[in-house]
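Student: Here you go, work39.cif (mmCIF, C-alpha atoms):
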data_protein
loop_
_atom_site.label_atom_id
_atom_site.label_comp_id
_atom_site.auth_asym_id
_atom_site.auth_seq_id
_atom_site.Cartn_x
_atom_site.Cartn_y
_atom_site.Cartn_z
CA MET K 1 -2.67 -28.57 4.69
CA LYS K 2 -5.07 -25.88 3.47
CA ILE K 3 -3.44 -22.90 1.73
CA ASN K 4 -5.19 -19.53 1.75
CA LEU K 5 -4.04 -16.74 -0.55
CA VAL K 6 -4.65 -13.39 1.16
CA SER K 7 -4.75 -9.98 -0.53
CA CYS K 8 -3.63 -6.80 1.20
CA LEU K 9 -4.57 -4.15 -1.38
CA PHE K 10 -3.74 -0.53 -0.52
CA VAL K 11 -5.59 2.04 -2.63
CA LEU K 12 -4.74 5.72 -3.02
CA ASP K 13 -7.88 7.85 -2.94
CA THR K 14 -8.01 11.58 -3.71
CA GLU K 15 -10.62 14.06 -2.50
CA SER K 16 -10.76 17.55 -3.96
CA SER K 17 -9.90 20.34 -1.55
CA ASN K 18 -12.25 23.32 -1.38
CA ASN K 19 -9.24 25.57 -0.79
CA ILE K 20 -7.71 26.36 -4.19
CA ARG K 21 -4.42 27.15 -2.46
CA LYS K 22 -4.04 23.64 -1.10
CA ASN K 23 -3.36 20.30 -2.74
CA ASP K 24 -6.13 17.76 -3.03
CA ASN K 25 -6.49 15.52 0.02
CA LYS K 26 -4.94 12.10 -0.42
CA LYS K 27 -5.55 9.12 1.81
CA LEU K 28 -4.89 5.41 1.82
CA LYS K 29 -7.73 2.94 1.81
CA LEU K 30 -7.75 -0.80 2.21
CA LEU K 31 -9.81 -3.39 0.37
CA VAL K 32 -11.69 -5.67 2.78
CA LYS K 33 -14.72 -7.94 2.77
CA ASN K 34 -17.92 -6.54 4.21
CA ASN K 35 -17.14 -8.34 7.50
CA ASN K 36 -13.82 -6.40 7.71
CA THR K 37 -11.58 -9.36 6.92
CA LEU K 38 -9.00 -9.35 4.14
CA PRO K 39 -9.94 -10.85 0.78
CA SER K 40 -8.78 -14.47 0.66
CA ILE K 41 -9.25 -17.52 -1.51
CA ASN K 42 -8.44 -21.18 -1.04
CA TYR K 43 -5.62 -22.31 -3.34
CA ASP K 44 -6.25 -25.79 -4.69
CA ASP K 45 -5.62 -25.99 -8.42
CA GLY K 46 -1.85 -26.35 -8.69
CA SER K 47 -1.30 -23.33 -10.94
CA GLY K 48 1.00 -20.41 -10.11
CA LEU K 49 0.15 -18.64 -6.86
CA LYS K 50 0.58 -15.13 -8.24
CA GLY K 51 -1.57 -15.69 -11.29
CA PHE K 52 -4.25 -17.37 -9.18
CA ILE K 53 -4.66 -14.49 -6.74
CA LYS K 54 -4.24 -11.87 -9.47
CA ASN K 55 -7.32 -13.27 -11.20
CA TYR K 56 -9.14 -13.23 -7.86
CA ILE K 57 -8.35 -9.56 -7.17
CA SER K 58 -9.21 -8.62 -10.75
CA SER K 59 -12.64 -10.19 -10.33
CA ILE K 60 -13.24 -8.04 -7.22
CA ILE K 61 -12.20 -4.64 -8.58
CA ASN K 62 -12.96 -5.38 -12.25
CA SER K 63 -9.49 -4.26 -13.30
CA ASP K 64 -6.05 -5.75 -13.81
CA ILE K 65 -4.16 -2.50 -13.18
CA PHE K 66 -2.46 -3.05 -9.84
CA HIS K 67 0.93 -4.02 -8.48
CA LEU K 68 1.13 -7.46 -6.85
CA GLU K 69 3.81 -9.40 -5.03
CA GLN K 70 4.11 -12.07 -2.38
CA VAL K 71 5.14 -10.79 1.06
CA PHE K 72 5.20 -13.62 3.60
CA ALA K 73 3.55 -16.78 4.87
CA LEU K 74 1.77 -16.98 8.21
CA GLY K 75 1.14 -20.35 9.83
CA ASP K 76 1.31 -19.59 13.55
CA LYS K 77 -0.68 -22.14 15.58
CA LYS K 78 -2.16 -19.22 17.48
CA TYR K 79 -4.22 -18.42 14.38
CA PHE K 80 -4.50 -21.76 12.52
CA ASN K 81 -5.17 -25.45 13.09
CA ASP K 82 -4.28 -27.04 9.76
CA SER K 83 -3.81 -24.18 7.30
CA ILE K 84 -1.49 -21.38 6.27
CA ASP K 85 -1.96 -17.87 4.85
CA ILE K 86 0.25 -16.67 2.02
CA VAL K 87 -0.07 -12.88 2.01
CA PHE K 88 0.26 -10.72 -1.10
CA LEU K 89 0.86 -6.97 -1.13
CA SER K 90 -1.00 -4.97 -3.79
CA VAL K 91 -1.24 -1.26 -4.56
CA THR K 92 -3.28 0.77 -7.01
CA ASN K 93 -5.08 4.06 -7.58
CA ILE K 94 -8.79 4.55 -6.98
CA GLU K 95 -9.20 5.36 -10.68
CA ASN K 96 -8.30 1.77 -11.53
CA ILE K 97 -11.18 0.27 -9.56
CA ASN K 98 -14.28 -0.31 -11.65
CA ASN K 99 -17.60 -1.48 -10.19
CA LEU K 100 -16.29 -2.91 -6.92
CA SER K 101 -17.94 -6.23 -6.10
CA SER K 102 -20.83 -5.83 -3.62
CA GLU K 103 -19.20 -8.26 -1.18
CA TYR K 104 -16.26 -5.93 -0.66
CA LYS K 105 -15.58 -2.33 0.39
CA LEU K 106 -12.78 0.19 0.83
CA ILE K 107 -12.12 1.42 4.35
CA ASP K 108 -9.89 4.17 5.74
CA PHE K 109 -6.48 2.99 6.85
CA SER K 110 -3.31 4.47 8.31
CA ILE K 111 -0.41 3.52 10.57
CA SER K 112 1.37 5.83 12.99
CA ASN K 113 4.96 4.74 13.52
CA ASN K 114 5.09 2.04 16.21
CA SER K 115 1.95 3.32 17.85
CA LEU K 116 -1.50 3.09 16.24
CA ILE K 117 -3.29 1.33 13.40
CA LYS K 118 -6.42 2.97 12.02
CA PHE K 119 -8.64 0.30 10.54
CA GLY K 120 -11.94 1.70 9.33
CA ASN K 121 -13.60 3.46 12.27
CA ASN K 122 -11.44 1.72 14.87
CA MET K 123 -8.00 2.44 16.32
CA TYR K 124 -5.70 -0.30 17.61
CA GLU K 125 -2.45 0.04 19.55
CA TYR K 126 0.62 -1.90 18.47
CA LYS K 127 4.34 -1.98 19.10
CA THR K 128 7.11 -3.66 17.14
CA VAL K 129 10.05 -4.79 19.27
CA GLU K 130 13.43 -6.31 18.48
CA ARG K 131 14.33 -9.75 19.76
CA PHE K 132 18.00 -10.78 19.64
CA SER K 133 19.06 -14.42 19.40
CA ASP K 134 22.44 -15.82 18.31
CA ARG K 135 23.44 -12.50 16.75
CA ASN K 136 20.23 -12.46 14.72
CA VAL K 137 17.43 -9.95 15.05
CA ASP K 138 13.77 -10.84 14.85
CA TYR K 139 10.96 -8.30 14.88
CA VAL K 140 7.93 -9.14 16.98
CA HIS K 141 4.71 -7.24 16.30
CA ASN K 142 2.59 -6.93 19.42
CA ILE K 143 -0.98 -5.92 18.59
CA TYR K 144 -3.08 -5.12 21.63
CA VAL K 145 -6.50 -6.57 20.88
CA ASP K 146 -8.43 -9.39 22.55
CA ASP K 147 -9.95 -10.86 19.36
CA VAL K 148 -7.51 -13.34 17.75
CA SER K 149 -9.19 -13.03 14.35
CA ILE K 150 -8.78 -9.25 14.31
CA GLU K 151 -5.21 -9.63 15.57
CA LYS K 152 -4.36 -11.91 12.64
CA THR K 153 -5.88 -9.49 10.13
CA LEU K 154 -4.02 -6.53 11.61
CA LEU K 155 -0.76 -8.49 11.71
CA GLU K 156 -1.00 -9.35 8.00
CA ILE K 157 -1.76 -5.72 7.17
CA LEU K 158 1.05 -4.42 9.37
CA VAL K 159 3.74 -6.68 7.91
CA SER K 160 2.58 -5.88 4.36
CA TYR K 161 2.63 -2.16 5.09
CA LYS K 162 6.11 -2.31 6.58
CA ARG K 163 7.28 -4.05 3.41
CA LEU K 164 5.64 -1.30 1.36
CA ARG K 165 7.47 1.41 3.32
CA THR K 166 10.80 -0.31 2.80
CA MET K 167 10.20 -0.69 -0.94
CA LEU K 168 9.56 3.02 -1.46
CA ASP K 169 13.31 3.63 -1.44
CA SER K 170 14.37 0.63 -3.48
CA SER K 171 11.73 0.12 -6.18
CA ASP K 172 9.22 1.91 -8.39
CA ILE K 173 6.24 0.86 -6.26
CA MET K 174 5.39 4.46 -5.33
CA PHE K 175 4.38 5.15 -8.92
CA LYS K 176 1.91 2.25 -8.79
CA PHE K 177 -0.23 4.49 -6.56
CA MET K 178 -0.34 7.19 -9.22
CA PRO K 179 -3.07 7.73 -11.81
CA LYS K 180 -2.02 7.71 -15.45
CA GLU K 181 -0.98 11.38 -15.21
CA PHE K 182 0.23 13.12 -12.07
CA THR K 183 2.31 15.99 -10.74
CA LEU K 184 5.64 15.64 -8.97
CA GLU K 185 3.97 17.13 -5.93
CA ASP K 186 1.50 14.23 -5.99
CA VAL K 187 4.38 11.77 -5.81
CA ARG K 188 5.99 13.56 -2.88
CA ILE K 189 2.74 13.76 -0.96
CA VAL K 190 2.15 10.03 -1.35
CA TYR K 191 5.71 9.25 -0.31
CA GLU K 192 5.27 11.30 2.86
CA LEU K 193 1.87 9.76 3.50
CA VAL K 194 3.15 6.21 3.41
CA LYS K 195 6.41 6.97 5.21
CA ASP K 196 4.68 9.15 7.82
CA LYS K 197 7.44 11.76 7.59
CA GLN K 198 8.35 14.87 5.61
CA VAL K 199 11.11 15.16 3.00
CA ASP K 200 12.96 18.06 1.39
CA LYS K 201 11.01 19.00 -1.75
CA SER K 202 14.01 19.93 -3.87
CA ASN K 203 16.04 16.83 -3.05
CA PHE K 204 13.06 14.58 -3.57
CA ARG K 205 12.40 16.04 -7.00
CA LYS K 206 16.01 15.38 -8.01
CA ARG K 207 15.67 11.75 -6.94
CA ILE K 208 12.60 11.00 -9.05
CA ILE K 209 12.77 13.30 -12.06
CA LYS K 210 14.55 10.85 -14.35
CA TYR K 211 11.84 8.26 -13.78
CA VAL K 212 9.05 10.39 -15.24
CA GLU K 213 8.34 12.06 -18.55
CA LYS K 214 6.32 15.16 -19.30
CA CYS K 215 2.80 14.96 -20.65
CA ASN K 216 1.37 17.48 -23.07
CA ASP K 217 -1.14 18.65 -20.45
CA LYS K 218 -0.85 20.90 -17.42
CA VAL K 219 -3.21 21.30 -14.50
CA ASP K 220 -4.47 24.80 -13.65
CA ASN K 221 -7.00 24.54 -10.84
CA LYS K 222 -5.10 25.53 -7.71
CA GLY K 223 -4.74 29.27 -8.08
CA TYR K 224 -1.09 29.14 -9.09
CA ARG K 225 0.68 29.03 -12.43
CA PRO K 226 -0.14 25.87 -14.42
CA THR K 227 1.53 22.74 -13.05
CA GLN K 228 3.22 20.25 -15.34
CA LEU K 229 1.77 16.74 -15.54
CA TYR K 230 3.95 13.64 -15.85
CA ARG K 231 3.67 9.93 -16.45
CA PHE K 232 5.87 7.14 -15.12
CA LYS K 233 8.80 6.12 -17.32
CA PRO K 234 10.46 2.89 -16.17
CA LEU K 235 14.16 2.67 -16.93
CA VAL K 236 15.54 -0.58 -18.30
CA ASP K 237 18.49 -2.07 -16.38
CA ASP K 238 18.30 0.65 -13.73
CA ILE K 239 17.52 0.40 -10.04
CA TRP K 240 14.97 2.95 -8.92
CA LEU K 241 16.51 5.54 -6.54
#
Take the structure in this file and express it as structure tokens.
Tutor:
Amino acid sequence: MKINLVSCLFVLDTESSNNIRKNDNKKLKLLVKNNNTLPSINYDDGSGLKGFIKNYISSIINSDIFHLEQVFALGDKKYFNDSIDIVFLSVTNIENINNLSSEYKLIDFSISNNSLIKFGNNMYEYKTVERFSDRNVDYVHNIYVDDVSIEKTLLEILVSYKRLRTMLDSSDIMFKFMPKEFTLEDVRIVYELVKDKQVDKSNFRKRIIKYVEKCNDKVDNKGYRPTQLYRFKPLVDDIWL
């Protein structure tokens, strides 16, 4: 059976706002091939899966600064004859991408809760439903598109993104989106962007403050008093949040 390693790399991009009273605009982008399919590589050398695809992604973005983990395997006969996709979730900041390979591009991406997927210039409807069987619950992702190839791509993105959302409250993955230095407001904005919901600023700050440390620099370009910059400080033997 053919094994394909698939990368679902979400990238945080930042565009400066012309309004000095507003935060810079942040958006998620997705790494795809020029034909709008996810980056994938045939696995055939017997080495570790994670190291194999990590080298592949590094060769595309010319950087090894990104978070990477295996999410799930997809082998549905609807999409495959004699192969299987093993999908990996990755996240990074746009600053960590150097000289993107010409065969790939970053496209706009977002998901509205149980409603719409924005994939580049296109919008696709979807709905996740619960299916109960023998006291177990399965989640079925219905993506309303006629093209099976596009459906498979969107399904792999959707499942990876749902894993990402879940991990925001149980791991340090949110900080993997950050540049080397950032503000606490940056972290909150990204959390709300991925979760597609708002949080209380004060409570959120209390939840994350012990996982960062102050930098010597401050940012002073938004018309307010200078804002403190931080860097991520992982805690040994501690569970994030």
Student: Would you work out the distance separating CA of Phe175 in chain K from CA of Thr14 in chain K, expressed in Å to one decimal?
Tutor: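 Between these atoms lies a distance of 14.9 Å.
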Student: Which of these, K:Tyr126, K:Tyr104, K:Tyr139, K:Phe72, has the shortest distance to Ser59 in chain K once you count only C-alpha atoms?
Tutor: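 Comparing K:Tyr126, K:Tyr104, K:Tyr139, K:Phe72 against Ser59 in chain K, the winner is K:Tyr104.
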Student: In terms of the shortest atom-to-atom distance over all atoms listed in the file, which of K:Leu49, K:Val187, K:Ile60, K:Ile208 is closest to Leu106 in chain K?
Tutor: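 Answer, going by the shortest atom-to-atom distance: K:Ile60.
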Student: With distances taken over all atoms listed in the file, which of K:Asp64, K:Asp108, K:Asp146, K:Glu156 is nearest to Asp76 in chain K?
Tutor: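 Closest to Asp76 in chain K, using all atoms listed in the file: K:Glu156.
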Student: Hey, can you check how far CA of Ser112 in chain K sits from CA of Asp196 in chain K?
Tutor: 7.0 Å
Student: Counting all atoms listed in the file, figure out which residue out of K:Tyr43, K:Phe109, K:Phe132, K:Phe52 gets nearest to Lys29 in chain K.
Tutor: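 Ranked by minimum distance to Lys29 in chain K, first place goes to K:Phe109.
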Student: Of the candidates K:Arg163, K:Lys176, K:Lys2, K:His67, which one gets nearest to Phe232 in chain K if we count all atoms listed in the file?
Tutor: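 Nearest to Phe232 in chain K: K:Lys176.
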Student: Quick one: of K:Val199, K:Leu184, K:Val91, K:Leu28, who's nearest to Leu164 in chain K, counting all atoms listed in the file?
Tutor: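 Checking each candidate against Leu164 in chain K, we get K:Val91 as the closest.
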Student: Can you tell me how far CA of Tyr56 in chain K sits from CA of Leu68 in chain K, in Å to one decimal?
Tutor: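 Taking CA of Tyr56 in chain K and CA of Leu68 in chain K, their separation equals 11.8 Å.
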Student: Skipping near chain neighbours, those fewer than 2 positions away, what residues fall within 9 Å of Ile53 in chain K using all atoms listed in the file, listed as a PyMOL selection string?
Tutor: chain K and resi 5-7+40-41+43+48-51+55-58+88
Student: Quick one: apply the PyMOL selection byres ((chain K and resi 209-211) around 7) to the file and drop the selected residues here as number ranges by chain.
Tutor: K: 205-208, 212, 232-235
Student: Here's the selection I'm unsure about, the PyMOL selection byres ((chain K and resi 178) around 12); applied to the file above, which residues does it give, as a short mmCIF file (atom, residue, chain, number, x, y, z; two decimals) with C-alpha atoms, keeping the file's coordinate frame?
Tutor:
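And here's part_23.cif as it stands now:
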data_model
loop_
_atom_site.label_atom_id
_atom_site.label_comp_id
_atom_site.auth_asym_id
_atom_site.auth_seq_id
_atom_site.Cartn_x
_atom_site.Cartn_y
_atom_site.Cartn_z
CA VAL K 11 -5.59 2.04 -2.63
CA LEU K 12 -4.74 5.72 -3.02
CA ASP K 13 -7.88 7.85 -2.94
CA THR K 14 -8.01 11.58 -3.71
CA LYS K 26 -4.94 12.10 -0.42
CA ILE K 65 -4.16 -2.50 -13.18
CA PHE K 66 -2.46 -3.05 -9.84
CA HIS K 67 0.93 -4.02 -8.48
CA VAL K 91 -1.24 -1.26 -4.56
CA THR K 92 -3.28 0.77 -7.01
CA ASN K 93 -5.08 4.06 -7.58
CA ILE K 94 -8.79 4.55 -6.98
CA GLU K 95 -9.20 5.36 -10.68
CA ASN K 96 -8.30 1.77 -11.53
CA ASP K 172 9.22 1.91 -8.39
CA ILE K 173 6.24 0.86 -6.26
CA MET K 174 5.39 4.46 -5.33
CA PHE K 175 4.38 5.15 -8.92
CA LYS K 176 1.91 2.25 -8.79
CA PHE K 177 -0.23 4.49 -6.56
CA PRO K 179 -3.07 7.73 -11.81
CA LYS K 180 -2.02 7.71 -15.45
CA GLU K 181 -0.98 11.38 -15.21
CA PHE K 182 0.23 13.12 -12.07
CA THR K 183 2.31 15.99 -10.74
CA LEU K 184 5.64 15.64 -8.97
CA GLU K 185 3.97 17.13 -5.93
CA ASP K 186 1.50 14.23 -5.99
CA VAL K 187 4.38 11.77 -5.81
CA ARG K 188 5.99 13.56 -2.88
CA ILE K 189 2.74 13.76 -0.96
CA VAL K 190 2.15 10.03 -1.35
CA TYR K 191 5.71 9.25 -0.31
CA VAL K 212 9.05 10.39 -15.24
CA LEU K 229 1.77 16.74 -15.54
CA TYR K 230 3.95 13.64 -15.85
CA ARG K 231 3.67 9.93 -16.45
CA PHE K 232 5.87 7.14 -15.12
#
Student: Scan for residues within 10 Å of the point (-11.4, -10.1, 4.4) in the coordinates of the file, using only C-alpha atoms, and reply as a PyMOL selection string.
Tutor: chain K and resi 6-8+31-41+103-105+153
Student: Could you write out that same residue set with C-alpha atoms as a PDB file, keeping the file's coordinate frame?
Tutor:
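File produced: result-v7.pdb:
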ATOM      1  CA  VAL K   6      -4.650 -13.390   1.160  1.00  0.00           C
ATOM      2  CA  SER K   7      -4.750  -9.980  -0.530  1.00  0.00           C
ATOM      3  CA  CYS K   8      -3.630  -6.800   1.200  1.00  0.00           C
ATOM      4  CA  LEU K  31      -9.810  -3.390   0.370  1.00  0.00           C
ATOM      5  CA  VAL K  32     -11.690  -5.670   2.780  1.00  0.00           C
ATOM      6  CA  LYS K  33     -14.720  -7.940   2.770  1.00  0.00           C
ATOM      7  CA  ASN K  34     -17.920  -6.540   4.210  1.00  0.00           C
ATOM      8  CA  ASN K  35     -17.140  -8.340   7.500  1.00  0.00           C
ATOM      9  CA  ASN K  36     -13.820  -6.400   7.710  1.00  0.00           C
ATOM     10  CA  THR K  37     -11.580  -9.360   6.920  1.00  0.00           C
ATOM     11  CA  LEU K  38      -9.000  -9.350   4.140  1.00  0.00           C
ATOM     12  CA  PRO K  39      -9.940 -10.850   0.780  1.00  0.00           C
ATOM     13  CA  SER K  40      -8.780 -14.470   0.660  1.00  0.00           C
ATOM     14  CA  ILE K  41      -9.250 -17.520  -1.510  1.00  0.00           C
ATOM     15  CA  GLU K 103     -19.200  -8.260  -1.180  1.00  0.00           C
ATOM     16  CA  TYR K 104     -16.260  -5.930  -0.660  1.00  0.00           C
ATOM     17  CA  LYS K 105     -15.580  -2.330   0.390  1.00  0.00           C
ATOM     18  CA  THR K 153      -5.880  -9.490  10.130  1.00  0.00           C
TER      19      THR K 153
END
Student: On this file, the PyMOL selection byres ((chain K and resi 140) around 10) gives some set of residues; write that set as a VMD selection string.
Tutor: chain K and resid 127 to 131 137 to 139 141 to 143
